[in-house]
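**Q** If you scroll down you'll find the structure; I have some questions about it.
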Amino acid sequence: MKTFAILSGDKRQIYIQNYLTAHHYNAYIKSNLDFNHDDIIVCGTPFSKDGSHINCDFYSSFPIDTFLGLLKGHQTVFGGNIPDKVLAYGKEKNITFVDVLKDENVVWNNAMLTAEGLLAQIITNTDFSLGNSKVFIIGFGKCGTNAASRLTALGCDVTVYDHTPAHLSQALSYGYKILQYEDFHEKLPSFDIIINTVPAENFTELHYSLMKKSCVLFEIASKPYGICSSLVDKYNLSLITCPGLPGATAPKAAGELIAQSIISYIERTGINGS
């Protein structure tokens with residue numbers, strides 16, 4: 001049976017190791033970068049936080065290129081949001097890279113965990129009741145969909161914007177209000193909470209100037225984000241940035257979800273051997 005080296009990182013990595021071990025896989029937490037005796041390596045989710053360095057907790061800035069140089073042919077490497085250049089390197093060097101965030105089951109369940117974590121952040125960082133609060137959600141993908149359903153269940157008045165017409169139609173069919181981009185300036189002053197799920201800017205400086213001072217903005221998108229922190233500061237608004245919510249608020253569930261995806265891949269491909 002092959003060895004699973006779990007690269008030390010946030011708590012999800014510990015739960016990945018625990019889950020794999022409980023299901024009779026030979027897995028351990030790795031705190032160095034000597035992979036000579038490892039067959040399968042489980043990196044973090046995301047694989048890299050800045051696109052240049054490996055996401056691990058025992059080196060503050062270990063370059064991806066250096067990490068790749070330590071790998072050997074025929075190894076299998078799991079991670080989340082693996083950069084294209086890494087995938088290309090793997091093909092060239094006969095190293096299999098598997099992106100767990102291309103597993104639809106992981107992505108959808110991760111979005112549900114993100115929405116749960118977001119609720120905790122909203123309750124902690126607002127001084128008003130969610131009931132009847134006016135909430136504006138930018139993006140109606142998996143995270144936006146899950147956030148909208150949970151906030152609606154708590155009595156929030158939810159409005160959605162998405163640049164994709166089909167997503168707006170879907171939001172409308174679910175019973176949410178929708179907002180067209182050209183109507184932002186008219187409606188923005190009415191919102192108590194604004195949630196961004198899209199890693200691209202949709203607000204202009206005029207938009208920030210129209211938001212009411214009591215509005216709280218929540219950023220749950222990945223870098224490069226979608227809310228401009230300098231304009232938030234300029235107009236005395238409140239911004240709560242919520243990076244890596246599943247790993248921060250539900251590491252056990254998130255880690256086990258990744259471990260299940262790894263096991264599914266192992267069983268489909270038969271790479272574990274004996």
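Ordering of the structure tokens sets the chain letters (A, B, ...), residue numbers begin anew at 1 in every chain, and ligands are numbered from 1 in the order given.
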Might you pull out every residue within 10 Å of Asn109 of chain A, with only C-alpha atoms counted and same-chain residues fewer than 6 positions away left off, and present them as number ranges by chain?

**A** A: 115, 142-143, 146, 246, 253-254, 257

**Q** Put those residues in a file: N, CA, C and O atoms, as a PDB file, in the first residue's frame.

**A**
```pdb
ATOM      1  N   ALA A 115     -21.203  29.204   3.073  1.00  0.00           N
ATOM      2  CA  ALA A 115     -22.405  29.956   3.450  1.00  0.00           C
ATOM      3  C   ALA A 115     -22.651  29.884   4.950  1.00  0.00           C
ATOM      4  O   ALA A 115     -23.026  30.888   5.576  1.00  0.00           O
ATOM      5  N   LYS A 142     -22.354  29.093  -6.982  1.00  0.00           N
ATOM      6  CA  LYS A 142     -22.638  28.148  -5.894  1.00  0.00           C
ATOM      7  C   LYS A 142     -22.630  28.824  -4.530  1.00  0.00           C
ATOM      8  O   LYS A 142     -23.495  28.572  -3.690  1.00  0.00           O
ATOM      9  N   CYS A 143     -21.643  29.700  -4.288  1.00  0.00           N
ATOM     10  CA  CYS A 143     -21.591  30.391  -2.994  1.00  0.00           C
ATOM     11  C   CYS A 143     -22.753  31.369  -2.844  1.00  0.00           C
ATOM     12  O   CYS A 143     -23.393  31.437  -1.794  1.00  0.00           O
ATOM     13  N   ASN A 146     -26.095  29.461  -2.187  1.00  0.00           N
ATOM     14  CA  ASN A 146     -26.201  28.943  -0.826  1.00  0.00           C
ATOM     15  C   ASN A 146     -26.361  30.055   0.206  1.00  0.00           C
ATOM     16  O   ASN A 146     -27.128  29.919   1.165  1.00  0.00           O
ATOM     17  N   PRO A 246     -14.453  27.723   4.899  1.00  0.00           N
ATOM     18  CA  PRO A 246     -14.625  26.322   5.328  1.00  0.00           C
ATOM     19  C   PRO A 246     -13.499  25.846   6.234  1.00  0.00           C
ATOM     20  O   PRO A 246     -13.723  25.166   7.232  1.00  0.00           O
ATOM     21  N   ALA A 253     -15.449  19.075   8.683  1.00  0.00           N
ATOM     22  CA  ALA A 253     -16.311  18.756   7.542  1.00  0.00           C
ATOM     23  C   ALA A 253     -15.584  19.001   6.225  1.00  0.00           C
ATOM     24  O   ALA A 253     -15.670  18.198   5.292  1.00  0.00           O
ATOM     25  N   ALA A 254     -14.843  20.124   6.147  1.00  0.00           N
ATOM     26  CA  ALA A 254     -14.137  20.451   4.902  1.00  0.00           C
ATOM     27  C   ALA A 254     -13.016  19.463   4.630  1.00  0.00           C
ATOM     28  O   ALA A 254     -12.814  19.029   3.489  1.00  0.00           O
ATOM     29  N   LEU A 257     -14.425  16.100   3.545  1.00  0.00           N
ATOM     30  CA  LEU A 257     -14.938  16.209   2.181  1.00  0.00           C
ATOM     31  C   LEU A 257     -13.813  16.019   1.172  1.00  0.00           C
ATOM     32  O   LEU A 257     -13.959  15.300   0.175  1.00  0.00           O
TER      33      LEU A 257
END
```

**Q** Could you pull out all residues of segment 110-274 of chain A with a DSSP call of alpha helix (DSSP H) and give them as a short mmCIF file (atom, residue, chain, number, x, y, z; two decimals) with N, CA and C atoms, in the first residue's frame?

**A**
```cif
data_model
loop_
_atom_site.label_atom_id
_atom_site.label_comp_id
_atom_site.auth_asym_id
_atom_site.auth_seq_id
_atom_site.Cartn_x
_atom_site.Cartn_y
_atom_site.Cartn_z
N ASN A 110 -18.53 22.51 -0.44
CA ASN A 110 -17.67 23.58 0.06
C ASN A 110 -18.43 24.91 0.08
N ALA A 111 -19.27 25.12 -0.94
CA ALA A 111 -20.08 26.33 -1.01
C ALA A 111 -21.08 26.37 0.15
N MET A 112 -21.65 25.23 0.49
CA MET A 112 -22.57 25.18 1.62
C MET A 112 -21.85 25.50 2.93
N LEU A 113 -20.65 24.96 3.10
CA LEU A 113 -19.87 25.25 4.31
C LEU A 113 -19.46 26.73 4.34
N THR A 114 -19.16 27.29 3.17
CA THR A 114 -18.83 28.71 3.09
C THR A 114 -20.01 29.57 3.52
N ALA A 115 -21.20 29.20 3.07
CA ALA A 115 -22.40 29.96 3.45
C ALA A 115 -22.65 29.88 4.95
N GLU A 116 -22.43 28.72 5.56
CA GLU A 116 -22.59 28.60 7.01
C GLU A 116 -21.59 29.48 7.74
N GLY A 117 -20.34 29.47 7.27
CA GLY A 117 -19.32 30.31 7.89
C GLY A 117 -19.62 31.78 7.72
N LEU A 118 -20.18 32.13 6.55
CA LEU A 118 -20.55 33.53 6.30
C LEU A 118 -21.62 33.99 7.28
N LEU A 119 -22.60 33.14 7.55
CA LEU A 119 -23.64 33.50 8.52
C LEU A 119 -23.03 33.84 9.87
N ALA A 120 -22.06 33.03 10.28
CA ALA A 120 -21.40 33.29 11.56
C ALA A 120 -20.71 34.64 11.54
N GLN A 121 -20.06 34.95 10.43
CA GLN A 121 -19.37 36.24 10.31
C GLN A 121 -20.36 37.40 10.33
N ILE A 122 -21.48 37.23 9.65
CA ILE A 122 -22.48 38.31 9.60
C ILE A 122 -23.06 38.56 10.99
N ILE A 123 -23.43 37.51 11.68
CA ILE A 123 -24.01 37.66 13.02
C ILE A 123 -23.01 38.30 13.97
N THR A 124 -21.75 37.92 13.85
CA THR A 124 -20.70 38.44 14.74
C THR A 124 -20.40 39.91 14.46
N ASN A 125 -20.49 40.30 13.20
CA ASN A 125 -19.99 41.62 12.81
C ASN A 125 -21.08 42.64 12.46
N LYS A 142 -22.35 29.09 -6.98
CA LYS A 142 -22.64 28.15 -5.89
C LYS A 142 -22.63 28.82 -4.53
N CYS A 143 -21.64 29.70 -4.29
CA CYS A 143 -21.59 30.39 -2.99
C CYS A 143 -22.75 31.37 -2.84
N GLY A 144 -23.03 32.12 -3.89
CA GLY A 144 -24.13 33.08 -3.83
C GLY A 144 -25.47 32.41 -3.64
N THR A 145 -25.67 31.28 -4.31
CA THR A 145 -26.93 30.54 -4.20
C THR A 145 -27.14 30.05 -2.77
N ASN A 146 -26.09 29.46 -2.19
CA ASN A 146 -26.20 28.94 -0.83
C ASN A 146 -26.36 30.05 0.21
N ALA A 147 -25.66 31.16 0.01
CA ALA A 147 -25.80 32.28 0.94
C ALA A 147 -27.21 32.86 0.89
N ALA A 148 -27.74 33.00 -0.33
CA ALA A 148 -29.08 33.57 -0.49
C ALA A 148 -30.14 32.72 0.20
N SER A 149 -30.05 31.39 0.05
CA SER A 149 -31.08 30.52 0.63
C SER A 149 -31.04 30.58 2.16
N ARG A 150 -29.86 30.61 2.75
CA ARG A 150 -29.75 30.63 4.20
C ARG A 150 -30.17 31.98 4.78
N LEU A 151 -29.82 33.05 4.11
CA LEU A 151 -30.21 34.38 4.60
C LEU A 151 -31.72 34.59 4.46
N THR A 152 -32.29 34.08 3.40
CA THR A 152 -33.74 34.17 3.23
C THR A 152 -34.46 33.42 4.33
N ALA A 153 -33.93 32.24 4.69
CA ALA A 153 -34.54 31.44 5.76
C ALA A 153 -34.52 32.17 7.10
N PRO A 165 -26.90 36.70 -17.55
CA PRO A 165 -28.37 36.76 -17.57
C PRO A 165 -29.04 35.48 -17.10
N ALA A 166 -28.47 34.32 -17.44
CA ALA A 166 -29.08 33.06 -17.03
C ALA A 166 -29.08 32.92 -15.50
N HIS A 167 -28.03 33.40 -14.86
CA HIS A 167 -27.97 33.34 -13.39
C HIS A 167 -29.01 34.27 -12.76
N LEU A 168 -29.19 35.43 -13.38
CA LEU A 168 -30.22 36.36 -12.87
C LEU A 168 -31.61 35.75 -13.03
N SER A 169 -31.84 35.09 -14.15
CA SER A 169 -33.13 34.45 -14.36
C SER A 169 -33.36 33.35 -13.34
N GLN A 170 -32.30 32.62 -13.04
CA GLN A 170 -32.39 31.57 -12.03
C GLN A 170 -32.72 32.15 -10.67
N ALA A 171 -32.06 33.25 -10.31
CA ALA A 171 -32.32 33.91 -9.03
C ALA A 171 -33.77 34.37 -8.95
N LEU A 172 -34.26 34.90 -10.04
CA LEU A 172 -35.65 35.36 -10.09
C LEU A 172 -36.61 34.19 -9.93
N SER A 173 -36.29 33.06 -10.54
CA SER A 173 -37.16 31.88 -10.44
C SER A 173 -37.19 31.32 -9.02
N PHE A 184 -27.68 50.11 -10.06
CA PHE A 184 -26.94 50.09 -8.80
C PHE A 184 -27.08 51.42 -8.05
N HIS A 185 -26.87 52.52 -8.77
CA HIS A 185 -26.83 53.82 -8.10
C HIS A 185 -28.14 54.15 -7.39
N GLU A 186 -29.23 53.61 -7.90
CA GLU A 186 -30.55 53.89 -7.30
C GLU A 186 -30.80 53.04 -6.06
N LYS A 187 -30.37 51.78 -6.07
CA LYS A 187 -30.73 50.83 -5.02
C LYS A 187 -29.68 50.66 -3.92
N GLU A 205 -16.29 54.06 -7.78
CA GLU A 205 -16.19 54.94 -6.61
C GLU A 205 -17.55 55.58 -6.30
N LEU A 206 -18.30 55.92 -7.33
CA LEU A 206 -19.63 56.48 -7.11
C LEU A 206 -20.49 55.52 -6.31
N HIS A 207 -20.41 54.24 -6.63
CA HIS A 207 -21.21 53.25 -5.91
C HIS A 207 -20.88 53.24 -4.42
N TYR A 208 -19.58 53.28 -4.10
CA TYR A 208 -19.20 53.28 -2.68
C TYR A 208 -19.72 54.53 -1.98
N SER A 209 -19.69 55.65 -2.68
CA SER A 209 -20.14 56.90 -2.06
C SER A 209 -21.64 56.89 -1.76
N LEU A 210 -22.39 56.03 -2.45
CA LEU A 210 -23.84 55.97 -2.27
C LEU A 210 -24.27 55.01 -1.16
N SER A 229 -10.77 47.89 -0.88
CA SER A 229 -10.63 48.26 0.53
C SER A 229 -10.28 49.74 0.71
N SER A 230 -9.53 50.31 -0.24
CA SER A 230 -9.17 51.73 -0.10
C SER A 230 -10.39 52.64 -0.26
N LEU A 231 -11.31 52.27 -1.15
CA LEU A 231 -12.54 53.07 -1.30
C LEU A 231 -13.49 52.83 -0.13
N VAL A 232 -13.47 51.63 0.43
CA VAL A 232 -14.24 51.36 1.64
C VAL A 232 -13.77 52.29 2.75
N ASP A 233 -12.44 52.41 2.91
CA ASP A 233 -11.88 53.30 3.93
C ASP A 233 -12.21 54.76 3.64
N LYS A 234 -12.11 55.14 2.37
CA LYS A 234 -12.35 56.53 1.99
C LYS A 234 -13.76 56.98 2.36
N LEU A 245 -13.20 30.38 4.45
CA LEU A 245 -14.21 30.13 5.47
C LEU A 245 -14.37 28.65 5.84
N PRO A 246 -14.45 27.72 4.90
CA PRO A 246 -14.62 26.32 5.33
C PRO A 246 -13.50 25.85 6.23
N GLY A 247 -12.26 26.23 5.89
CA GLY A 247 -11.12 25.82 6.69
C GLY A 247 -11.11 26.47 8.05
N ALA A 248 -11.69 27.67 8.14
CA ALA A 248 -11.68 28.41 9.40
C ALA A 248 -12.84 28.04 10.31
N THR A 249 -14.02 27.79 9.73
CA THR A 249 -15.21 27.59 10.56
C THR A 249 -15.72 26.15 10.60
N PRO A 251 -13.46 23.07 9.73
CA PRO A 251 -12.31 22.32 9.18
C PRO A 251 -12.53 20.82 9.14
N LYS A 252 -13.26 20.27 10.09
CA LYS A 252 -13.49 18.81 10.09
C LYS A 252 -14.32 18.40 8.88
N ALA A 253 -15.45 19.08 8.68
CA ALA A 253 -16.31 18.76 7.54
C ALA A 253 -15.58 19.00 6.23
N ALA A 254 -14.84 20.12 6.15
CA ALA A 254 -14.14 20.45 4.90
C ALA A 254 -13.02 19.46 4.63
N GLY A 255 -12.28 19.08 5.67
CA GLY A 255 -11.19 18.13 5.50
C GLY A 255 -11.69 16.76 5.09
N GLU A 256 -12.77 16.31 5.73
CA GLU A 256 -13.32 14.99 5.40
C GLU A 256 -13.89 14.98 3.99
N LEU A 257 -14.43 16.10 3.55
CA LEU A 257 -14.94 16.21 2.18
C LEU A 257 -13.81 16.02 1.17
N ILE A 258 -12.67 16.65 1.43
CA ILE A 258 -11.51 16.50 0.54
C ILE A 258 -11.01 15.06 0.58
N ALA A 259 -10.95 14.48 1.79
CA ALA A 259 -10.48 13.09 1.93
C ALA A 259 -11.38 12.13 1.15
N GLN A 260 -12.68 12.36 1.18
CA GLN A 260 -13.61 11.51 0.44
C GLN A 260 -13.37 11.62 -1.06
N SER A 261 -13.05 12.83 -1.52
CA SER A 261 -12.75 13.02 -2.94
C SER A 261 -11.46 12.28 -3.32
N ILE A 262 -10.47 12.33 -2.44
CA ILE A 262 -9.21 11.63 -2.68
C ILE A 262 -9.44 10.12 -2.76
N ILE A 263 -10.21 9.59 -1.81
CA ILE A 263 -10.50 8.16 -1.82
C ILE A 263 -11.25 7.76 -3.08
N SER A 264 -12.20 8.58 -3.49
CA SER A 264 -12.96 8.29 -4.71
C SER A 264 -12.03 8.20 -5.91
N TYR A 265 -11.09 9.14 -6.00
CA TYR A 265 -10.13 9.13 -7.11
C TYR A 265 -9.25 7.90 -7.04
N ILE A 266 -8.76 7.58 -5.84
CA ILE A 266 -7.90 6.42 -5.65
C ILE A 266 -8.60 5.14 -6.08
N GLU A 267 -9.87 5.01 -5.67
CA GLU A 267 -10.61 3.80 -6.01
C GLU A 267 -10.93 3.71 -7.50
N ARG A 268 -11.20 4.85 -8.13
CA ARG A 268 -11.49 4.85 -9.57
C ARG A 268 -10.26 4.47 -10.40
N THR A 269 -9.11 4.97 -9.97
CA THR A 269 -7.91 4.79 -10.77
C THR A 269 -7.08 3.58 -10.35
#
```

**Q** So, counting only C-alpha atoms, which residue among A:His163, A:Lys93, A:Lys30, A:Lys102 is closest to Ile6 of chain A?

**A**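 Answer, going by the shortest atom-to-atom distance: A:Lys30.
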
**Q** Rank nothing, just name the residue among A:Ile16, A:Gly270, A:Glu92, A:Pro243 nearest to Met1 of chain A, using only C-alpha atoms.

**A**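 The answer is A:Gly270, which sits nearest to Met1 of chain A.
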
**Q** In Å to one decimal, how far is atom CA of Asn18 of chain A from atom CA of Asn32 of chain A?

**A**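 Pair atom CA of Asn32 of chain A / atom CA of Asn18 of chain A returns 19.0 Å.
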
**Q** Need to verify the contact set: Gln17 of chain A, 7 Å, only C-alpha atoms, exclusion of same-chain residues closer than 3 positions in sequence. Can you return it as a list in words?

**A**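 Selected residues are Ile6, Gln13, Ile14, Leu20, Thr21, Ala27, Tyr28 and Ile29 of chain A.
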
**Q** Where does DSSP see strand (DSSP E) in segment 11-152 of chain A, if you list the residues as a VMD selection string?

**A** chain A and resid 26 to 30 40 to 42 76 to 79 96 to 99 134 to 138

**Q** Set the distance at 8 Å and use only C-alpha atoms: which residues neighbour Val42 of chain A once local chain neighbours fewer than 4 positions away are removed? I'd like the list as JSON, numbers by chain.

**A** {"A": [4, 5, 6, 7, 77, 78, 79]}

**Q** What's around segment 65-69 of chain A at 10 Å? Count only C-alpha atoms, leave out sequence neighbours fewer than 5 positions away in its own chain, and write the answer as a PyMOL selection string.

**A** chain A and resi 33-35+52-54+85-86+89-90+93+95

**Q** Those residues with N, CA and C atoms, as a PDB file, in the first residue's frame please?

**A**
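Output file part-v6.pdb follows:
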```pdb
ATOM      1  N   LEU A  33      10.029  18.872   3.371  1.00  0.00           N
ATOM      2  CA  LEU A  33       9.811  18.761   1.931  1.00  0.00           C
ATOM      3  C   LEU A  33      10.746  17.744   1.276  1.00  0.00           C
ATOM      4  N   ASP A  34      10.957  16.632   1.966  1.00  0.00           N
ATOM      5  CA  ASP A  34      11.683  15.502   1.403  1.00  0.00           C
ATOM      6  C   ASP A  34      10.644  14.460   0.977  1.00  0.00           C
ATOM      7  N   PHE A  35      10.437  14.340  -0.328  1.00  0.00           N
ATOM      8  CA  PHE A  35       9.384  13.460  -0.840  1.00  0.00           C
ATOM      9  C   PHE A  35       9.928  12.185  -1.477  1.00  0.00           C
ATOM     10  N   SER A  52       2.574  31.945  -6.219  1.00  0.00           N
ATOM     11  CA  SER A  52       4.024  31.816  -6.310  1.00  0.00           C
ATOM     12  C   SER A  52       4.621  30.858  -5.296  1.00  0.00           C
ATOM     13  N   HIS A  53       3.926  30.685  -4.158  1.00  0.00           N
ATOM     14  CA  HIS A  53       4.468  29.886  -3.066  1.00  0.00           C
ATOM     15  C   HIS A  53       3.490  28.790  -2.649  1.00  0.00           C
ATOM     16  N   ILE A  54       4.048  27.684  -2.152  1.00  0.00           N
ATOM     17  CA  ILE A  54       3.234  26.578  -1.668  1.00  0.00           C
ATOM     18  C   ILE A  54       2.497  26.992  -0.394  1.00  0.00           C
ATOM     19  N   LYS A  85       0.226  26.305 -14.646  1.00  0.00           N
ATOM     20  CA  LYS A  85       1.641  26.027 -14.906  1.00  0.00           C
ATOM     21  C   LYS A  85       2.088  24.760 -14.170  1.00  0.00           C
ATOM     22  N   VAL A  86       1.485  24.487 -13.033  1.00  0.00           N
ATOM     23  CA  VAL A  86       1.813  23.280 -12.280  1.00  0.00           C
ATOM     24  C   VAL A  86       1.258  22.049 -12.992  1.00  0.00           C
ATOM     25  N   TYR A  89       3.472  21.309 -15.897  1.00  0.00           N
ATOM     26  CA  TYR A  89       4.717  20.700 -15.442  1.00  0.00           C
ATOM     27  C   TYR A  89       4.511  19.212 -15.155  1.00  0.00           C
ATOM     28  N   GLY A  90       3.379  18.899 -14.536  1.00  0.00           N
ATOM     29  CA  GLY A  90       3.089  17.503 -14.223  1.00  0.00           C
ATOM     30  C   GLY A  90       3.014  16.637 -15.470  1.00  0.00           C
ATOM     31  N   LYS A  93       6.544  16.005 -16.741  1.00  0.00           N
ATOM     32  CA  LYS A  93       7.416  15.185 -15.892  1.00  0.00           C
ATOM     33  C   LYS A  93       6.757  13.881 -15.425  1.00  0.00           C
ATOM     34  N   ILE A  95       4.102  13.456 -13.620  1.00  0.00           N
ATOM     35  CA  ILE A  95       3.598  13.583 -12.253  1.00  0.00           C
ATOM     36  C   ILE A  95       2.112  13.920 -12.358  1.00  0.00           C
TER      37      ILE A  95
END
```

**Q** Quick check, in Å to one decimal: how far apart do atom CA of Ser61 of chain A and atom CA of Asp10 of chain A lie?

**A**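 Atom CA of Asp10 of chain A lies at a distance of 15.5 Å from atom CA of Ser61 of chain A.
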
**Q** Suppose you want the space between atom CA of Tyr235 of chain A and atom CA of Lys212 of chain A; what is it in Å?

**A**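 Answer for the atom CA of Tyr235 of chain A to atom CA of Lys212 of chain A separation: 9.4 Å.
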
**Q** Name the closest residue to Ser60 of chain A among the candidates A:His24, A:Ser133, A:Val98, A:Gly9; distances are taken between atoms, counting only C-alpha atoms.

**A**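 Of the candidates, the smallest distance to Ser60 of chain A is held by A:Gly9.
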